[in-house]
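Participant: Input work_21.cif, format and content: mmCIF, C-alpha atoms and all ligand atoms.
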data_start
#
loop_
_atom_site.label_atom_id
_atom_site.label_comp_id
_atom_site.auth_asym_id
_atom_site.auth_seq_id
_atom_site.Cartn_x
_atom_site.Cartn_y
_atom_site.Cartn_z
CA MET A 114 114.61 -49.10 -128.05
CA THR A 115 111.05 -48.20 -128.90
CA ASN A 116 110.00 -45.00 -127.18
CA ILE A 117 106.61 -45.33 -125.60
CA ASN A 118 104.63 -42.11 -125.56
CA CYS A 119 103.13 -42.53 -122.12
CA ARG A 120 102.56 -40.09 -119.25
CA PHE A 121 102.07 -41.14 -115.66
CA VAL A 122 99.82 -38.75 -113.77
CA LEU A 123 99.90 -38.80 -109.96
CA VAL A 124 96.86 -37.16 -108.42
CA GLU A 125 97.26 -35.31 -105.09
CA THR A 126 100.04 -37.48 -103.81
CA SER A 127 100.60 -36.60 -100.18
CA HIS A 128 103.99 -38.21 -99.45
CA PRO A 129 107.07 -36.76 -101.19
CA GLY A 130 108.77 -40.15 -100.82
CA ASN A 131 106.09 -41.75 -102.97
CA ILE A 132 106.68 -39.22 -105.74
CA GLY A 133 110.43 -39.94 -105.60
CA ALA A 134 109.87 -43.70 -105.63
CA ALA A 135 107.42 -43.38 -108.55
CA ALA A 136 109.98 -41.35 -110.53
CA ARG A 137 112.61 -44.02 -109.93
CA ALA A 138 110.24 -46.81 -110.95
CA MET A 139 109.43 -44.96 -114.18
CA LYS A 140 113.06 -44.22 -115.04
CA ASN A 141 114.02 -47.87 -114.48
CA MET A 142 111.49 -48.75 -117.18
CA GLY A 143 112.41 -46.06 -119.69
CA LEU A 144 109.52 -43.70 -118.96
CA THR A 145 110.15 -39.99 -118.37
CA ASP A 146 106.84 -38.14 -118.62
CA LEU A 147 105.69 -37.53 -115.05
CA ALA A 148 102.78 -35.18 -114.30
CA LEU A 149 101.58 -34.16 -110.83
CA VAL A 150 98.09 -32.92 -110.05
CA SER A 151 98.09 -30.59 -106.99
CA PRO A 152 100.79 -32.53 -105.15
CA CYS A 153 102.11 -31.92 -101.65
CA GLU A 154 105.31 -29.87 -101.16
CA TYR A 155 107.34 -32.53 -102.87
CA LYS A 156 110.86 -31.30 -103.60
CA THR A 157 112.14 -32.58 -100.29
CA TYR A 158 115.16 -34.56 -99.19
CA GLU A 159 113.05 -37.69 -98.89
CA CYS A 160 111.68 -37.31 -102.40
CA TYR A 161 115.15 -37.07 -103.97
CA ALA A 162 116.49 -39.82 -101.72
CA ARG A 163 113.74 -42.19 -102.88
CA ALA A 164 114.17 -41.05 -106.50
CA SER A 165 117.72 -42.36 -106.17
CA GLY A 166 119.07 -40.83 -109.38
CA ALA A 167 115.80 -40.11 -111.16
CA ASP A 168 116.11 -36.44 -110.15
CA GLU A 169 115.48 -35.13 -113.66
CA LEU A 170 112.01 -36.66 -113.67
CA ILE A 171 111.20 -34.80 -110.46
CA ASP A 172 112.66 -31.55 -111.79
CA SER A 173 110.91 -31.77 -115.14
CA ALA A 174 107.55 -32.95 -113.77
CA ILE A 175 104.77 -30.57 -114.75
CA VAL A 176 102.31 -29.61 -112.01
CA TYR A 177 98.66 -29.23 -113.02
CA PRO A 178 95.77 -27.82 -110.99
CA ASP A 179 93.42 -30.65 -111.96
CA LEU A 180 93.31 -33.94 -113.83
CA ALA A 181 91.49 -32.53 -116.86
CA SER A 182 94.37 -30.20 -117.69
CA ALA A 183 96.98 -32.93 -117.05
CA VAL A 184 95.40 -35.22 -119.65
CA ALA A 185 94.19 -32.59 -122.13
CA ASP A 186 96.72 -33.64 -124.81
CA SER A 187 96.32 -37.40 -124.25
CA HIS A 188 94.61 -39.68 -126.75
CA VAL A 189 93.94 -42.49 -124.32
CA VAL A 190 93.44 -42.02 -120.58
CA ILE A 191 93.50 -45.03 -118.28
CA GLY A 192 92.65 -44.77 -114.57
CA THR A 193 94.02 -47.15 -111.96
CA SER A 194 92.18 -48.48 -108.95
CA ALA A 195 92.59 -51.10 -106.28
CA ARG A 196 88.92 -51.98 -106.43
CA ARG A 197 86.25 -52.47 -109.02
CA ARG A 198 84.17 -49.31 -109.13
CA SER A 199 81.26 -50.45 -111.21
CA LEU A 200 80.62 -53.69 -112.97
CA ASN A 201 80.22 -52.21 -116.42
CA TRP A 202 83.36 -50.04 -116.31
CA PRO A 203 85.73 -51.25 -119.05
CA GLN A 204 88.59 -52.95 -117.23
CA LEU A 205 92.12 -53.67 -118.38
CA SER A 206 94.83 -55.82 -116.88
CA PRO A 207 98.24 -54.10 -116.56
CA ARG A 208 99.35 -56.11 -119.61
CA GLU A 209 96.41 -55.05 -121.73
CA ALA A 210 96.89 -51.41 -120.72
CA ALA A 211 100.60 -51.67 -121.58
CA ALA A 212 99.79 -53.13 -124.99
CA THR A 213 97.47 -50.21 -125.61
CA ALA A 214 100.18 -47.71 -124.65
CA ALA A 215 102.83 -49.51 -126.74
CA GLY A 216 100.50 -49.64 -129.74
CA MET A 217 99.98 -45.88 -129.55
CA THR A 218 103.65 -44.93 -129.99
CA GLU A 219 103.19 -43.12 -133.28
CA GLN A 220 99.67 -41.86 -132.99
CA GLY A 221 99.53 -40.19 -129.63
CA LYS A 222 99.95 -40.08 -125.94
CA THR A 223 98.51 -42.47 -123.39
CA SER A 224 98.09 -41.20 -119.83
CA ILE A 225 97.87 -43.54 -116.89
CA VAL A 226 96.37 -41.96 -113.80
CA PHE A 227 97.23 -42.90 -110.20
CA GLY A 228 95.13 -41.80 -107.23
CA ARG A 229 95.63 -40.48 -103.72
CA GLU A 230 97.27 -42.72 -101.13
CA ARG A 231 94.20 -42.71 -98.91
CA SER A 232 91.23 -42.37 -101.18
CA GLY A 233 92.32 -43.15 -104.74
CA LEU A 234 90.55 -41.31 -107.58
CA THR A 235 87.19 -39.56 -107.33
CA ASN A 236 84.29 -40.57 -109.56
CA GLU A 237 84.68 -37.24 -111.40
CA GLU A 238 88.31 -38.08 -112.12
CA LEU A 239 87.42 -41.61 -113.20
CA ALA A 240 84.88 -40.14 -115.59
CA LEU A 241 87.83 -38.67 -117.54
CA CYS A 242 89.29 -42.17 -118.00
CA ALA A 243 88.26 -44.46 -120.85
CA SER A 244 89.02 -47.58 -118.83
CA LEU A 245 90.16 -48.83 -115.48
CA LEU A 246 93.41 -50.69 -114.86
CA ILE A 247 93.29 -53.04 -111.88
CA ILE A 248 96.43 -54.87 -110.71
CA PRO A 249 95.31 -58.35 -109.69
CA THR A 250 95.87 -59.08 -105.99
CA VAL A 251 94.53 -61.41 -103.33
CA GLU A 252 91.02 -60.65 -102.23
CA GLY A 253 90.66 -58.45 -99.17
CA PHE A 254 94.10 -56.79 -99.40
CA SER A 255 94.14 -55.19 -102.82
CA SER A 256 95.63 -51.76 -102.24
CA LEU A 257 99.28 -51.35 -103.25
CA ASN A 258 101.45 -48.43 -102.28
CA VAL A 259 101.03 -45.94 -105.13
CA ALA A 260 104.72 -46.13 -106.15
CA ALA A 261 104.51 -49.93 -106.14
CA ALA A 262 101.49 -49.68 -108.46
CA VAL A 263 103.51 -47.35 -110.69
CA GLN A 264 106.30 -49.95 -110.75
CA VAL A 265 104.01 -52.77 -111.86
CA VAL A 266 102.45 -50.75 -114.66
CA ALA A 267 105.80 -49.29 -115.80
CA TYR A 268 107.27 -52.80 -115.92
CA GLU A 269 104.47 -54.04 -118.13
CA ILE A 270 104.99 -51.09 -120.46
CA GLN A 271 108.69 -51.88 -120.71
CA CYS A 272 107.86 -55.53 -121.50
CA ALA A 273 105.45 -54.40 -124.21
CA ALA A 274 108.12 -52.09 -125.65
CA LEU A 275 110.72 -54.87 -125.64
CA ALA A 276 108.28 -57.29 -127.28
CA THR A 277 107.85 -54.83 -130.14
CA GLU A 278 111.62 -54.65 -130.47
CA PHE A 279 112.29 -58.39 -130.16
CA ASN A 280 109.76 -59.17 -132.84
CA GLU A 281 112.15 -57.70 -135.36
CA ILE A 282 114.48 -60.64 -136.04
CA LYS A 283 118.09 -59.70 -136.79
CA PRO A 284 119.34 -61.17 -140.11
CA GLU A 285 121.96 -63.34 -138.39
CA ASP A 286 119.29 -64.84 -136.11
CA LEU A 287 117.03 -65.85 -138.97
CA PRO A 288 116.43 -69.62 -138.87
CA ALA A 289 118.50 -71.41 -141.54
CA ASP A 290 116.60 -72.53 -144.63
CA GLN A 291 115.60 -76.15 -145.21
CA ALA A 292 118.43 -76.78 -147.68
CA ASP A 293 121.06 -75.82 -145.10
CA LEU A 294 119.24 -77.82 -142.46
CA GLU A 295 119.24 -80.95 -144.68
CA LEU A 296 122.98 -80.57 -145.31
CA PHE A 297 123.47 -80.41 -141.54
CA TYR A 298 121.32 -83.51 -140.92
CA GLY A 299 123.23 -85.42 -143.64
CA HIS A 300 126.49 -84.47 -141.94
CA LEU A 301 125.21 -85.27 -138.43
CA PHE A 302 123.79 -88.66 -139.38
CA SER A 303 126.93 -89.71 -141.25
CA VAL A 304 129.12 -88.82 -138.25
CA MET A 305 126.73 -90.63 -135.90
CA GLU A 306 127.14 -93.69 -138.07
CA LYS A 307 130.92 -93.36 -138.38
CA VAL A 308 131.41 -93.21 -134.63
CA GLY A 309 129.06 -96.17 -134.10
CA TYR A 310 126.34 -94.24 -132.34
CA HIS A 311 123.77 -94.92 -135.04
CA ASP A 312 123.23 -98.28 -136.77
CA PRO A 313 121.40 -97.82 -140.12
CA SER A 314 120.25 -101.47 -140.05
CA ASN A 315 118.50 -100.83 -136.73
CA PRO A 316 117.42 -97.19 -137.04
CA ARG A 317 114.53 -97.05 -134.53
CA LEU A 318 113.50 -93.46 -133.87
CA MET A 319 116.97 -91.98 -133.51
CA LEU A 320 117.00 -89.84 -136.65
CA PRO A 321 113.47 -88.39 -136.39
CA ARG A 322 114.19 -87.54 -132.75
CA MET A 323 117.38 -85.74 -133.67
CA ARG A 324 115.45 -83.84 -136.33
CA ARG A 325 112.76 -82.90 -133.88
CA LEU A 326 115.34 -81.63 -131.40
CA PHE A 327 117.12 -79.39 -133.90
CA ASN A 328 113.96 -78.27 -135.67
CA ARG A 329 112.55 -77.10 -132.36
CA SER A 330 115.51 -74.83 -131.72
CA ALA A 331 115.31 -73.31 -135.23
CA PRO A 332 119.08 -72.88 -135.55
CA SER A 333 120.41 -69.97 -137.58
CA ARG A 334 122.96 -70.40 -140.37
CA PRO A 335 125.92 -69.35 -138.15
CA GLU A 336 124.73 -71.83 -135.50
CA LEU A 337 124.62 -74.64 -138.08
CA GLN A 338 128.16 -73.69 -139.15
CA LEU A 339 129.22 -74.00 -135.51
CA LEU A 340 127.71 -77.49 -135.24
CA ARG A 341 129.19 -78.59 -138.57
CA GLY A 342 132.61 -77.36 -137.48
CA PHE A 343 132.32 -79.63 -134.48
CA LEU A 344 131.20 -82.59 -136.64
CA SER A 345 134.19 -82.04 -138.95
CA ALA A 346 136.54 -82.05 -135.96
CA VAL A 347 135.04 -85.37 -134.79
CA GLU A 348 135.49 -86.82 -138.29
CA LYS A 349 139.10 -85.70 -138.40
CA LYS A 350 139.85 -87.34 -135.05
CA LYS A 351 138.25 -90.54 -136.26
N1 LIG A 401 91.76 -46.78 -100.93
C1 LIG A 401 92.23 -46.43 -102.23
C2 LIG A 401 93.62 -46.96 -102.40
C3 LIG A 401 94.50 -46.01 -102.96
S1 LIG A 401 96.08 -46.70 -103.23
C4 LIG A 401 91.32 -47.02 -103.29
O1 LIG A 401 90.58 -47.91 -102.97
O2 LIG A 401 91.37 -46.61 -104.44
C5 LIG A 401 96.77 -45.38 -104.17
C6 LIG A 401 96.76 -45.57 -105.66
O3 LIG A 401 97.61 -46.66 -106.01
C7 LIG A 401 95.42 -45.92 -106.28
O4 LIG A 401 94.61 -44.79 -106.48
C8 LIG A 401 95.87 -46.51 -107.59
O5 LIG A 401 96.26 -45.48 -108.45
C9 LIG A 401 97.10 -47.30 -107.17
N2 LIG A 401 96.78 -48.69 -106.81
C10 LIG A 401 96.89 -49.27 -105.61
N3 LIG A 401 96.53 -50.57 -105.65
C11 LIG A 401 96.18 -50.82 -106.94
C12 LIG A 401 95.72 -51.97 -107.64
N4 LIG A 401 95.54 -53.13 -107.05
N5 LIG A 401 95.47 -51.84 -108.97
C13 LIG A 401 95.64 -50.66 -109.60
N6 LIG A 401 96.08 -49.54 -109.00
C14 LIG A 401 96.34 -49.61 -107.69
#
Could I get this file's structure written as C-alpha cells?
Facilitator:
Amino acid sequence: MTNINCRFVLVETSHPGNIGAAARAMKNMGLTDLALVSPCEYKTYECYARASGADELIDSAIVYPDLASAVADSHVVIGTSARRRSLNWPQLSPREAAATAAGMTEQGKTSIVFGRERSGLTNEELALCASLLIIPTVEGFSSLNVAAAVQVVAYEIQCAALATEFNEIKPEDLPADQADLELFYGHLFSVMEKVGYHDPSNPRLMLPRMRRLFNRSAPSRPELQLLRGFLSAVEKKK
C-alpha cells in the first residue's frame, strides 16, 4: 500500500467528539498524521468513544499553538472551507487535492487544514494555504460537520493511493498477447461450429461480435487457459 505523506490539521476544534470522529475517519483511510492547533480539552471519554479504536492517533497527535507552526514542515498546504472566500482563490475539488497529496509521496508532506466548527478558518490562516478545497454540496446548506469533511477528504486520498497501486499490473493479470488470443478464437470458433451454434456458410456477424466481447475484457493468459479448458471439455463430450 502506498503511504501518503499527508497531515490533517484541525484548528481550534471545540468538541472532543469531533476530534475522535476525525481520528477514526483518518485511520479508516490509512492516514495517521493528526495535528491539533489549540484544541479544547480533548482527551475525554467522548473523544475516545468516537475514535472507536483510533486511540493511537489521538495519543500521538501533536498540539501546536498556531497554524504556522503546525504546517512549518509541509511542502503543500491546502485549506478547506464550506464557502468560496474570494473568486480568485485557487480552488481544488477533494479529488484534485487528493491527487496532489498522492503525487507528493516521495517529495514531501501535504497538510490539509480544517477549521473551527462555528467559524471555519480565519483569513490569516487561509493566507498560509496555497489553495482552497471545497467539498461540493447543495447550495444554501454547504457546511459539513468537521469530522464528516475529514472523512470525505480522507476517502479521496485513499482512492488516490489505491489508484497508484492498481496502476501497477501484476504479471498474471497482463492481457494475453495477440498470438494466444488468436489460438483461443480458432478454438472457440471451431467448437461453435462443431456444436452447430455457428454455420460458416451463413456467418453473419457472429464471429466479429464474439471477438469484440472477448477483446473488451482483455483476458489474461490464465483466463484464456480456463476458457480453452472448458472448450476442450465440450469437444470431448461431443
Ligand atoms: N461556518 C463555517 C463552517 C465551518 S464547518 C465556514 O463557513 O467556514 C467546520 C470545518 O469543516 C470547516 O472549517 C472546514 O474545514 C470543514 N468543512 C465543512 N464543510 C465543508 C465543505 N463543504 N467543504 C470543505 N470543507 C468543509
Participant: Near stretch 284-292 of chain A, counting all atoms listed in the file, which residues have an atom at most 8 Å away, once you skip same-chain residues fewer than 4 positions from it, shown as a count of residues only?
Facilitator: 7
Participant: With only C-alpha atoms as the atoms that count, which of A:Asn116, A:Thr193, A:Lys283, A:Val124 lies nearest to A:Ala262?
Facilitator: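 Ranked by minimum distance to A:Ala262, first place goes to A:Thr193.
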Participant: What are the nearest atom pairs, with distances in Å to one decimal, for all residues of chain A that come at most 6 Å from ligand LIG 401 (chain A), using all atoms listed in the file, set out by chain and rising residue number as CSV?
Facilitator:
residue,atom,partner,partner_atom,distance
A:Thr193,CA,A:LIG401,N6,4.3
A:Ser194,CA,A:LIG401,N6,4.0
A:Ala195,CA,A:LIG401,C12,3.5
A:Arg196,CA,A:LIG401,O1,5.6
A:Phe227,CA,A:LIG401,O5,3.3
A:Gly228,CA,A:LIG401,O4,3.1
A:Arg229,CA,A:LIG401,C5,5.1
A:Glu230,CA,A:LIG401,C5,4.1
A:Arg231,CA,A:LIG401,N1,5.2
A:Ser232,CA,A:LIG401,C1,4.3
A:Gly233,CA,A:LIG401,O4,3.3
A:Leu234,CA,A:LIG401,O4,5.5
A:Leu246,CA,A:LIG401,C13,5.7
A:Ile247,CA,A:LIG401,N5,3.8
A:Ile248,CA,A:LIG401,N5,3.6
A:Pro249,CA,A:LIG401,N4,5.9
A:Ser255,CA,A:LIG401,N4,4.9
A:Ser256,CA,A:LIG401,N3,3.7
A:Leu257,CA,A:LIG401,N3,3.7
A:Asn258,CA,A:LIG401,O3,5.6
A:Val259,CA,A:LIG401,O3,3.6
A:Ala262,CA,A:LIG401,N2,5.1
Participant: From the options A:Val251, A:Leu241, A:Val263, A:Met142, which residue's atoms come nearest to A:Ser182, counting all atoms listed in the file?
Facilitator: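 Among A:Val251, A:Leu241, A:Val263, A:Met142, it is A:Leu241 that comes nearest to A:Ser182.
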Participant: Which residues, protein or nucleic acid, reach to within 9 Å of (113.1, -45.2, -111.6) in the file's coordinates when using all atoms listed in the file, and can you give that as a compact mmCIF listing (two decimals) with C-alpha atoms, in the frame of the given file?
Facilitator:
# COMPACT_ATOMS: atom_id res chain seq x y z
CA GLY A 133 110.43 -39.94 -105.60
CA ALA A 134 109.87 -43.70 -105.63
CA ALA A 135 107.42 -43.38 -108.55
CA ALA A 136 109.98 -41.35 -110.53
CA ARG A 137 112.61 -44.02 -109.93
CA ALA A 138 110.24 -46.81 -110.95
CA MET A 139 109.43 -44.96 -114.18
CA LYS A 140 113.06 -44.22 -115.04
CA ASN A 141 114.02 -47.87 -114.48
CA MET A 142 111.49 -48.75 -117.18
CA GLY A 143 112.41 -46.06 -119.69
CA LEU A 144 109.52 -43.70 -118.96
CA ALA A 164 114.17 -41.05 -106.50
CA SER A 165 117.72 -42.36 -106.17
CA GLY A 166 119.07 -40.83 -109.38
CA ALA A 167 115.80 -40.11 -111.16
CA LEU A 170 112.01 -36.66 -113.67
CA GLN A 264 106.30 -49.95 -110.75
Participant: Can you work out which one of A:Ile171, A:Val176, A:Leu326, A:Val184 has the shortest atom-to-atom distance to A:Ser151, counting only C-alpha atoms?
Facilitator: A:Val176
Participant: Which protein, DNA or RNA residues have an atom at most 9 Å from (99.1, -34.2, -108.6), counting all atoms listed in the file? List them as an MDAnalysis selection string.
Facilitator: chainID A and resid 122:127 148:153 176:180 183 228:229
Participant: Can you tell me how far atom CA of A:Glu336 sits from atom CA of A:Gly309, in Å to one decimal?
Facilitator: 24.8 Å
Participant: Looking at all atoms listed in the file, which of A:Leu340, A:Gly299, A:Leu275, A:Ala260 is the one that sits closest to A:Leu320?
Facilitator: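 Of all the options, A:Gly299 lies closest to A:Leu320.
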Participant: If I take atom CA of A:Ala174 and atom CA of A:Asp186, how far is one from the other in Å, to one decimal?
Facilitator: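 Between these atoms lies a distance of 15.5 Å.
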Participant: Mind pulling up the distance from atom CA of A:Tyr298 to atom CA of A:Arg324?
Facilitator: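 Computed distance, atom CA of A:Arg324 to atom CA of A:Tyr298, equals 7.5 Å.
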